[in-house]
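Enquirer: Structure file protein.csv (CSV, C-alpha atoms and all ligand atoms) is given on the next line.
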```csv
chain,number,residue,atom,x,y,z
A,1,MET,CA,-9.2,22.4,-33.0
A,2,LYS,CA,-8.1,23.3,-29.5
A,3,LYS,CA,-11.7,23.4,-28.4
A,4,TYR,CA,-12.0,19.6,-29.0
A,5,MET,CA,-8.5,18.6,-27.6
A,6,LEU,CA,-8.5,16.8,-24.3
A,7,GLU,CA,-7.2,18.9,-21.4
A,8,GLU,CA,-3.6,18.0,-21.0
A,9,GLY,CA,-2.4,17.6,-17.5
A,10,PHE,CA,0.9,16.4,-15.8
A,11,ARG,CA,1.4,15.0,-12.4
A,12,TRP,CA,3.1,17.2,-9.9
A,13,TYR,CA,4.2,16.0,-6.5
A,14,GLY,CA,4.3,19.5,-5.0
A,15,PRO,CA,7.2,21.8,-4.1
A,16,LYS,CA,9.5,18.8,-3.3
A,17,ASP,CA,9.0,17.3,-6.8
A,18,GLU,CA,12.3,17.3,-8.8
A,19,VAL,CA,10.2,18.2,-11.8
A,20,SER,CA,9.4,21.9,-11.6
A,21,LEU,CA,6.1,23.5,-12.7
A,22,GLU,CA,8.1,25.5,-15.1
A,23,PHE,CA,9.2,22.3,-16.9
A,24,ILE,CA,5.7,21.0,-16.8
A,25,ARG,CA,4.5,24.1,-18.5
A,26,GLN,CA,7.3,23.8,-21.1
A,27,ALA,CA,6.1,20.3,-21.9
A,28,GLY,CA,2.9,21.9,-23.0
A,29,ALA,CA,0.6,20.8,-20.2
A,30,GLU,CA,-2.2,23.1,-19.2
A,31,SER,CA,-2.9,21.7,-15.8
A,32,VAL,CA,-1.6,19.5,-13.0
A,33,PHE,CA,-2.8,16.6,-11.0
A,34,THR,CA,-1.5,17.2,-7.6
A,35,SER,CA,-2.1,16.5,-3.9
A,36,LEU,CA,-1.2,17.7,-0.4
A,37,HIS,CA,1.1,14.9,0.4
A,38,ASP,CA,2.1,16.3,3.8
A,39,ILE,CA,-1.3,15.9,5.3
A,40,PRO,CA,-1.7,12.5,7.0
A,41,TYR,CA,-4.2,10.0,5.5
A,42,GLY,CA,-7.6,10.6,7.2
A,43,GLU,CA,-7.2,14.2,8.2
A,44,VAL,CA,-9.1,17.2,6.8
A,45,TRP,CA,-7.5,19.4,4.1
A,46,SER,CA,-8.1,23.0,5.2
A,47,VAL,CA,-9.2,25.7,2.7
A,48,GLU,CA,-6.0,27.6,3.6
A,49,ALA,CA,-3.7,24.7,2.8
A,50,ILE,CA,-5.6,24.1,-0.5
A,51,LEU,CA,-5.4,27.7,-1.5
A,52,ALA,CA,-1.7,28.0,-0.7
A,53,HIS,CA,-1.0,25.0,-2.9
A,54,LYS,CA,-3.3,26.3,-5.7
A,55,LYS,CA,-1.5,29.6,-5.7
A,56,ILE,CA,1.9,28.0,-6.3
A,57,VAL,CA,0.3,26.2,-9.3
A,58,GLU,CA,-1.4,29.2,-10.7
A,59,ASP,CA,1.6,31.5,-10.2
A,60,ALA,CA,3.4,29.2,-12.6
A,61,GLY,CA,0.7,29.7,-15.2
A,62,LEU,CA,-1.0,26.3,-14.7
A,63,LYS,CA,-4.3,25.1,-13.4
A,64,TRP,CA,-5.0,22.5,-10.7
A,65,SER,CA,-7.4,20.3,-12.5
A,66,ALA,CA,-7.5,17.1,-10.4
A,67,VAL,CA,-6.5,16.0,-7.0
A,68,GLU,CA,-4.4,12.9,-7.1
A,69,SER,CA,-5.2,11.7,-4.6
A,70,VAL,CA,-7.2,12.3,-1.5
A,71,PRO,CA,-6.1,8.9,0.0
A,72,VAL,CA,-8.6,6.6,1.7
A,73,SER,CA,-7.2,5.5,5.1
A,74,GLU,CA,-6.8,1.8,5.9
A,75,ASP,CA,-9.3,2.4,8.8
A,76,ILE,CA,-11.9,3.3,6.2
A,77,LYS,CA,-11.1,0.3,4.0
A,78,THR,CA,-11.2,-2.1,6.9
A,79,ARG,CA,-14.0,-0.2,8.8
A,80,THR,CA,-12.0,-0.3,12.0
A,81,GLY,CA,-10.4,2.3,14.4
A,82,ASP,CA,-11.0,5.8,13.4
A,83,TYR,CA,-13.1,5.2,10.2
A,84,VAL,CA,-16.1,7.2,11.2
A,85,ARG,CA,-14.1,10.3,11.8
A,86,HIS,CA,-12.0,9.7,8.7
A,87,ILE,CA,-15.2,9.6,6.6
A,88,GLU,CA,-16.5,12.8,8.1
A,89,ASN,CA,-13.1,14.4,7.3
A,90,TYR,CA,-13.2,13.1,3.8
A,91,LYS,CA,-16.5,14.8,3.3
A,92,GLN,CA,-15.1,18.1,4.6
A,93,THR,CA,-12.1,17.8,2.3
A,94,ILE,CA,-14.5,17.3,-0.7
A,95,ARG,CA,-16.4,20.5,0.4
A,96,ASN,CA,-13.2,22.5,1.0
A,97,LEU,CA,-11.7,21.5,-2.4
A,98,ALA,CA,-15.0,22.5,-4.1
A,99,GLU,CA,-14.9,25.8,-2.4
A,100,CYS,CA,-11.5,26.4,-4.0
A,101,GLY,CA,-12.8,25.3,-7.4
A,102,ILE,CA,-11.2,21.8,-7.5
A,103,LYS,CA,-13.8,19.3,-8.6
A,104,ILE,CA,-12.0,16.1,-9.6
A,105,ILE,CA,-10.8,13.9,-6.8
A,106,ILE,CA,-9.0,10.7,-7.5
A,107,TYR,CA,-8.7,7.9,-4.9
A,108,ASN,CA,-8.1,4.2,-4.8
A,109,PHE,CA,-9.4,1.3,-2.7
A,110,MET,CA,-6.4,-1.0,-2.9
A,111,PRO,CA,-5.8,-2.7,0.4
A,112,VAL,CA,-2.5,-2.1,2.3
A,113,LEU,CA,-0.2,-1.2,-0.6
A,114,ASP,CA,-0.8,1.2,-3.4
A,115,TRP,CA,0.6,0.2,-6.9
A,116,ILE,CA,3.1,-2.6,-6.9
A,117,ARG,CA,6.2,-3.2,-9.1
A,118,THR,CA,9.2,-5.5,-8.5
A,119,ASP,CA,11.7,-3.5,-10.6
A,120,LEU,CA,11.8,0.3,-10.7
A,121,HIS,CA,14.8,0.4,-13.1
A,122,TYR,CA,14.2,-2.3,-15.7
A,123,LYS,CA,16.7,-1.7,-18.5
A,124,LEU,CA,15.4,-1.9,-22.0
A,125,ALA,CA,17.5,-2.6,-25.1
A,126,ASP,CA,18.0,1.1,-25.9
A,127,GLY,CA,19.3,1.8,-22.4
A,128,SER,CA,16.3,3.6,-21.1
A,129,THR,CA,14.6,2.1,-18.0
A,130,CYS,CA,11.0,1.6,-16.9
A,131,LEU,CA,8.9,0.0,-14.2
A,132,ARG,CA,8.3,-3.8,-14.3
A,133,PHE,CA,6.3,-6.4,-12.4
A,134,ASP,CA,7.4,-10.0,-12.3
A,135,PRO,CA,5.2,-12.4,-10.4
A,136,ALA,CA,8.3,-14.6,-9.7
A,137,GLN,CA,10.1,-11.7,-8.1
A,138,PHE,CA,7.0,-10.8,-6.1
A,139,ALA,CA,6.8,-14.4,-5.0
A,140,ALA,CA,10.4,-14.0,-3.7
A,141,PHE,CA,9.2,-11.0,-1.7
A,142,GLU,CA,6.2,-12.9,-0.2
A,143,ILE,CA,8.0,-16.1,0.5
A,144,TYR,CA,11.5,-14.9,1.7
A,145,LEU,CA,10.9,-11.5,3.1
A,146,LEU,CA,7.2,-11.2,4.2
A,147,LYS,CA,7.0,-14.9,4.9
A,148,ARG,CA,3.3,-14.9,4.2
A,149,GLN,CA,1.7,-18.2,5.1
A,150,GLY,CA,0.4,-20.1,2.1
A,151,ALA,CA,1.9,-17.6,-0.4
A,152,GLU,CA,3.4,-20.5,-2.4
A,153,LYS,CA,-0.1,-21.6,-3.4
A,154,ASP,CA,-0.5,-18.5,-5.5
A,155,TYR,CA,2.3,-19.3,-7.8
A,156,THR,CA,3.2,-21.9,-10.4
A,157,PRO,CA,6.2,-24.3,-9.8
A,158,GLU,CA,8.1,-22.5,-12.5
A,159,GLN,CA,7.5,-19.1,-10.8
A,160,LEU,CA,8.6,-20.5,-7.5
A,161,GLN,CA,11.8,-21.8,-9.0
A,162,ARG,CA,12.5,-18.4,-10.6
A,163,ALA,CA,11.7,-16.8,-7.3
A,164,LYS,CA,14.4,-18.8,-5.5
A,165,ALA,CA,17.0,-18.2,-8.1
A,166,PHE,CA,16.2,-14.4,-8.1
A,167,PHE,CA,16.4,-14.2,-4.3
A,168,ASP,CA,19.5,-16.3,-4.0
A,169,ALA,CA,21.3,-14.0,-6.4
A,170,LEU,CA,20.7,-10.8,-4.3
A,171,ASP,CA,23.3,-9.6,-1.8
A,172,THR,CA,22.4,-7.9,1.5
A,173,ASP,CA,22.2,-4.5,-0.1
A,174,GLY,CA,20.2,-5.9,-3.0
A,175,VAL,CA,17.7,-7.4,-0.6
A,176,LYS,CA,17.2,-4.2,1.3
A,177,LYS,CA,16.7,-2.2,-1.9
A,178,PHE,CA,14.3,-4.8,-3.3
A,179,GLU,CA,12.2,-4.7,-0.1
A,180,ARG,CA,12.0,-0.9,-0.1
A,181,SER,CA,11.1,-0.8,-3.8
A,182,ILE,CA,8.0,-2.9,-3.0
A,183,ILE,CA,6.8,-1.5,0.3
A,184,ASP,CA,7.9,2.0,0.2
A,185,VAL,CA,6.7,3.6,-3.0
A,186,PHE,CA,3.6,5.4,-1.8
A,187,PRO,CA,2.7,8.4,-4.0
A,188,GLY,CA,4.6,11.5,-2.9
A,189,CYS,CA,5.5,10.3,0.5
A,190,SER,CA,7.4,7.6,2.4
A,191,MET,CA,5.4,5.7,5.0
A,192,ASP,CA,8.7,4.0,6.1
A,193,PHE,CA,6.8,0.8,6.7
A,194,SER,CA,8.7,-2.2,8.0
A,195,ILE,CA,7.9,-5.8,7.0
A,196,ASP,CA,6.3,-6.2,10.4
A,197,ASP,CA,4.0,-3.2,9.7
A,198,VAL,CA,2.9,-4.8,6.5
A,199,ARG,CA,2.3,-8.1,8.3
A,200,ASN,CA,0.1,-6.2,10.9
A,201,MET,CA,-1.8,-4.4,8.2
A,202,LEU,CA,-2.4,-7.7,6.3
A,203,ALA,CA,-3.7,-9.3,9.5
A,204,LYS,CA,-6.5,-6.7,9.6
A,205,TYR,CA,-7.8,-8.3,6.3
A,206,ALA,CA,-8.0,-11.8,7.8
A,207,ASN,CA,-11.8,-11.6,7.7
A,208,ILE,CA,-12.3,-9.3,4.7
A,209,ASP,CA,-12.9,-11.1,1.5
A,210,ALA,CA,-13.8,-9.5,-1.9
A,211,ASN,CA,-17.5,-9.2,-1.0
A,212,LYS,CA,-16.7,-7.6,2.4
A,213,LEU,CA,-14.3,-5.1,0.8
A,214,ARG,CA,-16.9,-4.2,-1.8
A,215,GLU,CA,-19.4,-3.6,0.9
A,216,HIS,CA,-16.9,-1.3,2.7
A,217,LEU,CA,-16.4,0.6,-0.6
A,218,ALA,CA,-20.1,0.9,-1.2
A,219,LEU,CA,-20.7,2.1,2.4
A,220,PHE,CA,-17.9,4.7,1.9
A,221,LEU,CA,-19.4,5.9,-1.4
A,222,LYS,CA,-23.0,6.1,0.0
A,223,GLU,CA,-21.6,8.7,2.5
A,224,VAL,CA,-19.1,10.7,0.4
A,225,ALA,CA,-20.7,10.6,-3.1
A,226,PRO,CA,-23.8,12.6,-2.1
A,227,VAL,CA,-21.5,15.3,-0.7
A,228,ALA,CA,-19.5,15.3,-4.0
A,229,GLU,CA,-22.8,15.5,-5.9
A,230,GLU,CA,-23.9,18.5,-3.9
A,231,CYS,CA,-20.6,20.2,-4.8
A,232,ASN,CA,-20.8,19.2,-8.4
A,233,SER,CA,-17.5,17.3,-8.0
A,234,HIS,CA,-16.4,13.9,-9.3
A,235,LEU,CA,-14.9,11.3,-7.1
A,236,ALA,CA,-12.9,9.1,-9.5
A,237,ILE,CA,-11.7,5.6,-8.4
A,238,HIS,CA,-8.3,4.5,-9.7
A,239,PRO,CA,-8.1,0.9,-10.9
A,240,ASP,CA,-6.1,-1.6,-8.9
A,241,ASP,CA,-2.5,-1.7,-10.2
A,242,PRO,CA,-1.9,-4.4,-11.1
A,243,PRO,CA,-5.5,-5.5,-11.7
A,244,PHE,CA,-5.4,-8.8,-10.0
A,245,ASP,CA,-5.2,-10.2,-6.4
A,246,VAL,CA,-1.8,-9.8,-4.7
A,247,LEU,CA,-0.6,-10.6,-1.2
A,248,GLY,CA,-3.7,-12.9,-0.8
A,249,LEU,CA,-5.8,-9.7,-0.5
A,250,PRO,CA,-9.0,-9.0,-2.5
A,251,ARG,CA,-8.8,-6.4,-5.2
A,252,ILE,CA,-12.1,-5.0,-6.3
A,253,ALA,CA,-11.4,-2.4,-9.0
A,254,SER,CA,-9.7,-4.7,-11.5
A,255,ARG,CA,-12.3,-5.5,-14.3
A,256,LEU,CA,-15.4,-4.2,-15.9
A,257,GLU,CA,-17.8,-6.1,-13.6
A,258,ASP,CA,-16.1,-4.5,-10.6
A,259,PHE,CA,-16.5,-1.0,-12.0
A,260,GLN,CA,-20.1,-1.7,-12.9
A,261,LYS,CA,-20.7,-2.6,-9.3
A,262,ILE,CA,-18.9,0.5,-8.1
A,263,VAL,CA,-20.8,2.9,-10.3
A,264,SER,CA,-24.1,1.4,-9.4
A,265,ALA,CA,-23.3,1.7,-5.6
A,266,TYR,CA,-24.4,5.4,-6.0
A,267,ASP,CA,-25.9,6.4,-9.3
A,268,SER,CA,-24.4,9.8,-10.0
A,269,PRO,CA,-21.6,11.4,-12.1
A,270,ALA,CA,-20.2,12.3,-8.7
A,271,ASN,CA,-19.3,8.6,-8.4
A,272,SER,CA,-16.9,8.1,-11.3
A,273,VAL,CA,-13.8,6.3,-12.6
A,274,CYS,CA,-10.3,7.5,-13.2
A,275,PHE,CA,-9.7,5.6,-16.5
A,276,CYS,CA,-6.2,4.4,-16.1
A,277,THR,CA,-5.3,2.4,-19.3
A,278,GLY,CA,-1.9,1.3,-18.1
A,279,SER,CA,-3.2,-0.3,-14.8
A,280,LEU,CA,-6.1,-2.0,-16.7
A,281,SER,CA,-3.9,-3.2,-19.4
A,282,ALA,CA,-1.7,-5.4,-17.1
A,283,GLY,CA,-4.7,-7.8,-16.9
A,284,ALA,CA,-5.3,-9.8,-20.1
A,285,HIS,CA,-9.0,-10.0,-19.0
A,286,ASN,CA,-9.5,-6.3,-19.8
A,287,ASN,CA,-10.7,-5.1,-23.2
A,288,ILE,CA,-9.9,-1.4,-22.7
A,289,PRO,CA,-11.9,0.2,-25.5
A,290,GLU,CA,-14.9,-1.9,-24.5
A,291,MET,CA,-14.6,-0.9,-20.9
A,292,LEU,CA,-14.4,2.8,-21.9
A,293,GLU,CA,-17.6,2.4,-24.0
A,294,ALA,CA,-19.4,0.8,-21.0
A,295,LEU,CA,-18.2,3.4,-18.5
A,296,LYS,CA,-18.2,6.4,-20.7
A,297,ASP,CA,-20.8,8.4,-18.7
A,298,ARG,CA,-18.6,8.1,-15.6
A,299,VAL,CA,-15.2,9.0,-17.1
A,300,PHE,CA,-14.1,12.6,-16.5
A,301,VAL,CA,-10.4,11.9,-16.0
A,302,ALA,CA,-7.9,9.5,-17.6
A,303,HIS,CA,-4.4,8.3,-17.2
A,304,LEU,CA,-2.9,7.3,-20.5
A,305,ARG,CA,-0.1,4.8,-20.7
A,306,SER,CA,0.5,1.2,-21.8
A,307,THR,CA,2.1,-2.1,-20.6
A,308,GLN,CA,3.7,-5.0,-22.4
A,309,ARG,CA,2.5,-8.3,-21.0
A,310,ASN,CA,4.7,-11.4,-21.4
A,311,SER,CA,3.8,-15.0,-21.3
A,312,ASP,CA,5.5,-15.6,-17.9
A,313,GLY,CA,3.0,-13.3,-16.3
A,314,SER,CA,5.3,-10.4,-16.0
A,315,PHE,CA,4.7,-7.0,-17.6
A,316,PHE,CA,6.8,-3.8,-18.2
A,317,GLU,CA,5.7,-0.3,-19.0
A,318,ALA,CA,5.8,0.1,-22.7
A,319,GLY,CA,5.9,3.3,-24.7
A,320,HIS,CA,2.6,5.3,-24.5
A,321,LEU,CA,1.6,4.3,-28.1
A,322,GLU,CA,3.0,0.7,-27.8
A,323,GLY,CA,2.3,-2.4,-25.9
A,324,SER,CA,-1.1,-3.9,-25.0
A,325,VAL,CA,-3.2,-0.8,-25.1
A,326,PRO,CA,-4.8,0.1,-28.5
A,327,MET,CA,-4.1,3.8,-27.7
A,328,CYS,CA,-5.4,5.1,-31.0
A,329,ASP,CA,-8.8,3.5,-30.3
A,330,VAL,CA,-8.8,4.8,-26.7
A,331,VAL,CA,-8.0,8.4,-27.7
A,332,LYS,CA,-10.5,8.3,-30.5
A,333,LYS,CA,-13.2,7.2,-28.1
A,334,LEU,CA,-12.2,9.8,-25.5
A,335,LEU,CA,-12.4,12.5,-28.1
A,336,GLN,CA,-15.9,11.3,-29.2
A,337,ILE,CA,-17.2,11.2,-25.6
A,338,GLN,CA,-15.7,14.6,-25.0
A,339,LYS,CA,-17.1,16.2,-28.2
A,340,GLN,CA,-20.6,15.2,-27.3
A,341,ARG,CA,-20.2,16.7,-23.8
A,342,ILE,CA,-18.7,20.0,-25.1
A,343,ASP,CA,-21.5,20.3,-27.7
A,344,ASN,CA,-24.0,19.9,-24.9
A,345,GLY,CA,-22.3,22.5,-22.7
A,346,GLY,CA,-20.3,20.0,-20.6
A,347,GLU,CA,-16.7,19.8,-19.4
A,348,LYS,CA,-13.5,18.6,-21.0
A,349,ILE,CA,-12.0,15.3,-20.1
A,350,VAL,CA,-8.6,15.8,-18.3
A,351,ILE,CA,-5.8,13.4,-19.1
A,352,ARG,CA,-2.2,13.0,-18.2
A,353,PRO,CA,0.6,10.9,-19.6
A,354,ASP,CA,0.9,8.3,-16.9
A,355,HIS,CA,4.5,7.3,-16.1
A,356,GLY,CA,7.3,7.5,-18.5
A,357,ARG,CA,10.7,5.9,-19.0
A,358,ASP,CA,13.9,7.3,-17.5
A,359,MET,CA,15.7,8.3,-20.6
A,360,ALA,CA,18.2,10.8,-22.0
A,361,ASP,CA,19.0,13.4,-19.3
A,362,ASP,CA,16.7,11.6,-16.8
A,363,LEU,CA,19.3,8.9,-16.6
A,364,SER,CA,22.1,11.3,-15.6
A,365,LYS,CA,20.2,12.5,-12.5
A,366,PRO,CA,19.8,10.7,-9.2
A,367,PRO,CA,16.8,8.4,-9.4
A,368,THR,CA,13.6,10.3,-8.8
A,369,ARG,CA,11.8,10.0,-5.5
A,370,ASN,CA,8.7,9.1,-7.5
A,371,PRO,CA,9.5,6.1,-9.7
A,372,GLY,CA,7.8,6.4,-13.1
A,373,TYR,CA,7.7,10.2,-12.9
A,374,SER,CA,10.7,11.3,-14.8
A,375,PHE,CA,10.5,14.5,-16.8
A,376,ILE,CA,11.8,13.6,-20.3
A,377,GLY,CA,10.0,10.2,-20.4
A,378,ARG,CA,6.7,11.7,-19.6
A,379,MET,CA,7.2,14.7,-21.8
A,380,LYS,CA,7.8,12.2,-24.7
A,381,GLY,CA,4.5,10.4,-23.7
A,382,LEU,CA,2.6,13.7,-23.7
A,383,ALA,CA,4.0,14.8,-27.0
A,384,GLU,CA,3.1,11.4,-28.6
A,385,LEU,CA,-0.4,11.6,-27.2
A,386,ARG,CA,-0.8,15.2,-28.4
A,387,GLY,CA,0.3,14.2,-31.9
A,388,LEU,CA,-2.1,11.3,-31.9
A,389,GLU,CA,-5.0,13.5,-30.9
A,390,THR,CA,-4.1,16.2,-33.4
A,391,GLY,CA,-3.9,13.6,-36.1
A,392,ILE,CA,-7.3,12.1,-35.2
A,393,LEU,CA,-9.0,15.5,-35.0
A,394,SER,CA,-7.6,16.8,-38.3
A,395,LYS,CA,-8.8,13.8,-40.3
B,401,LIG,C1,1.1,5.4,-9.7
B,401,LIG,C2,-0.3,5.9,-9.7
B,401,LIG,C3,-1.0,5.7,-8.4
B,401,LIG,C4,-2.2,6.5,-8.3
B,401,LIG,C5,-3.0,6.2,-7.1
B,401,LIG,C6,-4.4,6.8,-7.2
B,401,LIG,O1,1.9,5.9,-10.4
B,401,LIG,O2,-1.0,5.5,-10.8
B,401,LIG,O3,-0.2,6.0,-7.3
B,401,LIG,O4,-1.9,7.8,-8.3
B,401,LIG,O5,-3.2,4.9,-6.9
B,401,LIG,O6,-5.0,6.8,-5.9
```
Before anything else, please render the file you have as structure tokens.
Ligand code: DNO

Expert:
Amino acid sequence: MKKYMLEEGFRWYGPKDEVSLEFIRQAGAESVFTSLHDIPYGEVWSVEAILAHKKIVEDAGLKWSAVESVPVSEDIKTRTGDYVRHIENYKQTIRNLAECGIKIIIYNFMPVLDWIRTDLHYKLADGSTCLRFDPAQFAAFEIYLLKRQGAEKDYTPEQLQRAKAFFDALDTDGVKKFERSIIDVFPGCSMDFSIDDVRNMLAKYANIDANKLREHLALFLKEVAPVAEECNSHLAIHPDDPPFDVLGLPRIASRLEDFQKIVSAYDSPANSVCFCTGSLSAGAHNNIPEMLEALKDRVFVAHLRSTQRNSDGSFFEAGHLEGSVPMCDVVKKLLQIQKQRIDNGGEKIVIRPDHGRDMADDLSKPPTRNPGYSFIGRMKGLAELRGLETGILSK
């Protein structure tokens, strides 16, 4: 059966991660999704730095299966400043990773901020906590902190009312924490952005609409995907999280049509998709099993988690087998796609349980630097997914 099981990975934020490689191995993962978080966006990852990181992973009895992520700089997304040099550097990083045997590279093309939530410790009835996004709270951020012109237009009167009530109830410390939880949650590092930094970054998008941003992504792919192809690597775009426009910015990896455009920008398995069910599920427009079927030839890596959408537009991160994602259908489909590949001499699909609740002993520790990446919550997710797979395969 092992032959047809998906490859189980776990995210590891490097030596500073509170969750050790030893624990990750004990959770039963075979490999890690990890990155060199200390290298500034846009710079080359040297072979030496990659090998040093790889050795730490391998010494712990694990494999480095996917890079999450090699970040795409804002200069590349906006095609300003140093973008030509950054693209050349990106190509070199792809080559250097391939030389070290690392062939899956996740990236995203979300403008300005990476993923966005408004509450990093949303308490559920059983006392565990999870990540949550509430458009009314996000409106409070936009209107009262960022003071983005015209932001009100993006919200309903009910949301605006809730935004005011939410913001009025915060004390000074609460305001600071709220601000940080929105603009300072970059994966594995703190950018220490101020509200003014965010405003300046937003200003760079004044003349970039969805079509323009798509064009920038296509131009980037036309340069880097051929290099990945030569190296037999897969670049895998991560969906926008959440999969709808925020901050008045275009988001172009949010629905099936977006991904169809992206994969056709360069027709090769080197230009692929990181199938993140949780991100996609926050948009009611996405039928996840249908999307997987449509994109199956371009999926080599997946993040498995779910969200629960509510009628007020908010969502929270549900258990891995609960919420809006029909996880059983998704895992069945992944196993089918993978079986065909393995029988034709191809590779396994690498998955990881994405996010997890803070629960049990997670709650007695100081909050992790990487919200959503507790140990016990993710281990539970992985165990549930492994059980689901085992059940499907043994039927
Ligand atoms: C959040 C993650 C994202 C993801 C990047 C991929 O938990 O899903 O940070 O790793 O957006 O580039």

Enquirer: Check which residues fall inside 6 Å of ligand LIG 401 (chain B) when counting all atoms listed in the file, and print them as a list in words.

Expert: Glu68, Ser69, Ile106, Tyr107, Asn108, Asp114, Trp115, Pro187 and His238 of chain A

Enquirer: Using all atoms listed in the file, pick whichever of A:Leu335, A:Leu382, A:Val70, A:Val246 has the shortest atom-to-atom distance to A:Asp134.

Expert: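 Ranked by minimum distance to A:Asp134, first place goes to A:Val246.
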
Enquirer: Which residues are near stretch 216-219 of chain A? Cut-off 9 Å, all atoms listed in the file, ignore same chain within fewer than 6 positions. Put them as JSON, numbers by chain.

Expert: {"A": [76, 77, 78, 79, 109, 261, 262, 265, 266]}

Enquirer: List as a list in words the protein and nucleic acid residues near stretch 323-332 of chain A, meaning an atom at most 8 Å away when only C-alpha atoms are counted, but skip any in the same chain fewer than 3 places from it.

Expert: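 What passes the distance filter is Thr277, Gly278, Ser281, Ile288, Pro289, Leu292, Arg305, Ser306, Thr307, Gln308, Arg309, Glu317, Ala318, Gly319, His320, Leu335, Gln336, Leu388, Glu389 and Ile392 of chain A.
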
Enquirer: Determine the nearest neighbour of A:Leu145 from the options A:Ala294, A:Leu256, A:Cys231, A:Ile183, counting all atoms listed in the file.

Expert: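 The closest residue to A:Leu145 is A:Ile183.
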
Enquirer: In terms of the shortest atom-to-atom distance over only C-alpha atoms, which of A:Arg357, A:Lys177, A:Ser364, A:Ile105 is closest to A:Asp126?

Expert: A:Arg357

Enquirer: Quick one: of A:Lys365, A:Arg386, A:Lys339, A:Arg352, who's nearest to A:Trp12, counting only C-alpha atoms?

Expert: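 The answer is A:Arg352, which sits nearest to A:Trp12.
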
Enquirer: Using only C-alpha atoms, which residues of stretch 258-350 of chain A come within 12 Å of stretch 153-164 of chain A, and what is the closest atom pair for each, with the distance in Å to one decimal? Give it as CSV, sorted by chain and residue number.

Expert:
```
residue,atom,partner,partner_atom,distance
A:Ser311,CA,A:Gln159,CA,11.9
A:Asp312,CA,A:Gln159,CA,8.2
A:Gly313,CA,A:Gln159,CA,9.2
A:Ser314,CA,A:Gln159,CA,10.4
```

Enquirer: Can you list, as a list in words, every protein, DNA or RNA residue that comes within 10 Å of A:Asp119 when you count only C-alpha atoms, leaving out same-chain residues fewer than 3 positions away?

Expert: Ile116, Tyr122, Lys123, Thr129, Cys130, Leu131, Arg132, Phe133, Asp134, Gln137, Phe138, Phe178, Ser181, Ile182, Phe316 and Pro371 of chain A

Enquirer: Which of these, A:Asp173, A:Met359, A:Tyr13, A:Pro226, has the shortest distance to A:Leu124 once you count all atoms listed in the file?

Expert: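 Nearest candidate to A:Leu124 out of A:Asp173, A:Met359, A:Tyr13, A:Pro226: A:Met359.
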
Enquirer: Set the distance at 12 Å and use all atoms listed in the file: which residues neighbour A:Gly81 once local chain neighbours fewer than 6 positions away are removed? I'd like the list as a VMD selection string.

Expert: chain A and resid 42 73 to 75 87 204

Enquirer: Name the residues in contact with A:Ser279 at a cut-off of 8 Å, using all atoms listed in the file, excluding same-chain residues fewer than 2 positions from it; report them as a list of chain:residue names.

Expert: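 Counting all atoms listed in the file, the residues come to A:Pro239, A:Asp240, A:Asp241, A:Pro242, A:Pro243, A:Cys276, A:Thr277, A:Ser281, A:Ala282, A:Gly283.
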
Enquirer: Quick one: distance from atom CA of A:His303 to atom CA of A:Phe33 in Å, one decimal?

Expert: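 About the pair atom CA of A:His303 and atom CA of A:Phe33: they are 10.5 Å apart.
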
Enquirer: Would you mind telling me which residue in A:Glu43, A:Asp38, A:Glu229, A:Glu215 lies nearest to A:Asp267 when using only C-alpha atoms?

Expert: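 Between A:Glu43, A:Asp38, A:Glu229, A:Glu215, the residue approaching A:Asp267 most closely is A:Glu229.
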
Enquirer: Just give me the gap between atom CA of A:Ile104 and atom CA of A:Ser65 in Å, one decimal is fine.

Expert: 6.9 Å

Enquirer: What does the structure give for the distance between atom CA of A:Lys212 and atom CA of A:Lys296, in Å to one decimal?

Expert: 27.1 Å

Enquirer: Within 9 Å of (-11.7, 11.2, 3.2), in the coordinates the file gives, what residues turn up when you count all atoms listed in the file, written out as a list in words?

Expert: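 These residues have at least one counted atom within 9 Å: Tyr41, Gly42, Glu43, Val44, Val70, Pro71, Val72, Ser73, Ile76, Arg85, His86, Ile87, Glu88, Asn89, Tyr90, Lys91, Gln92, Thr93, Ile94 and Val224 of chain A.
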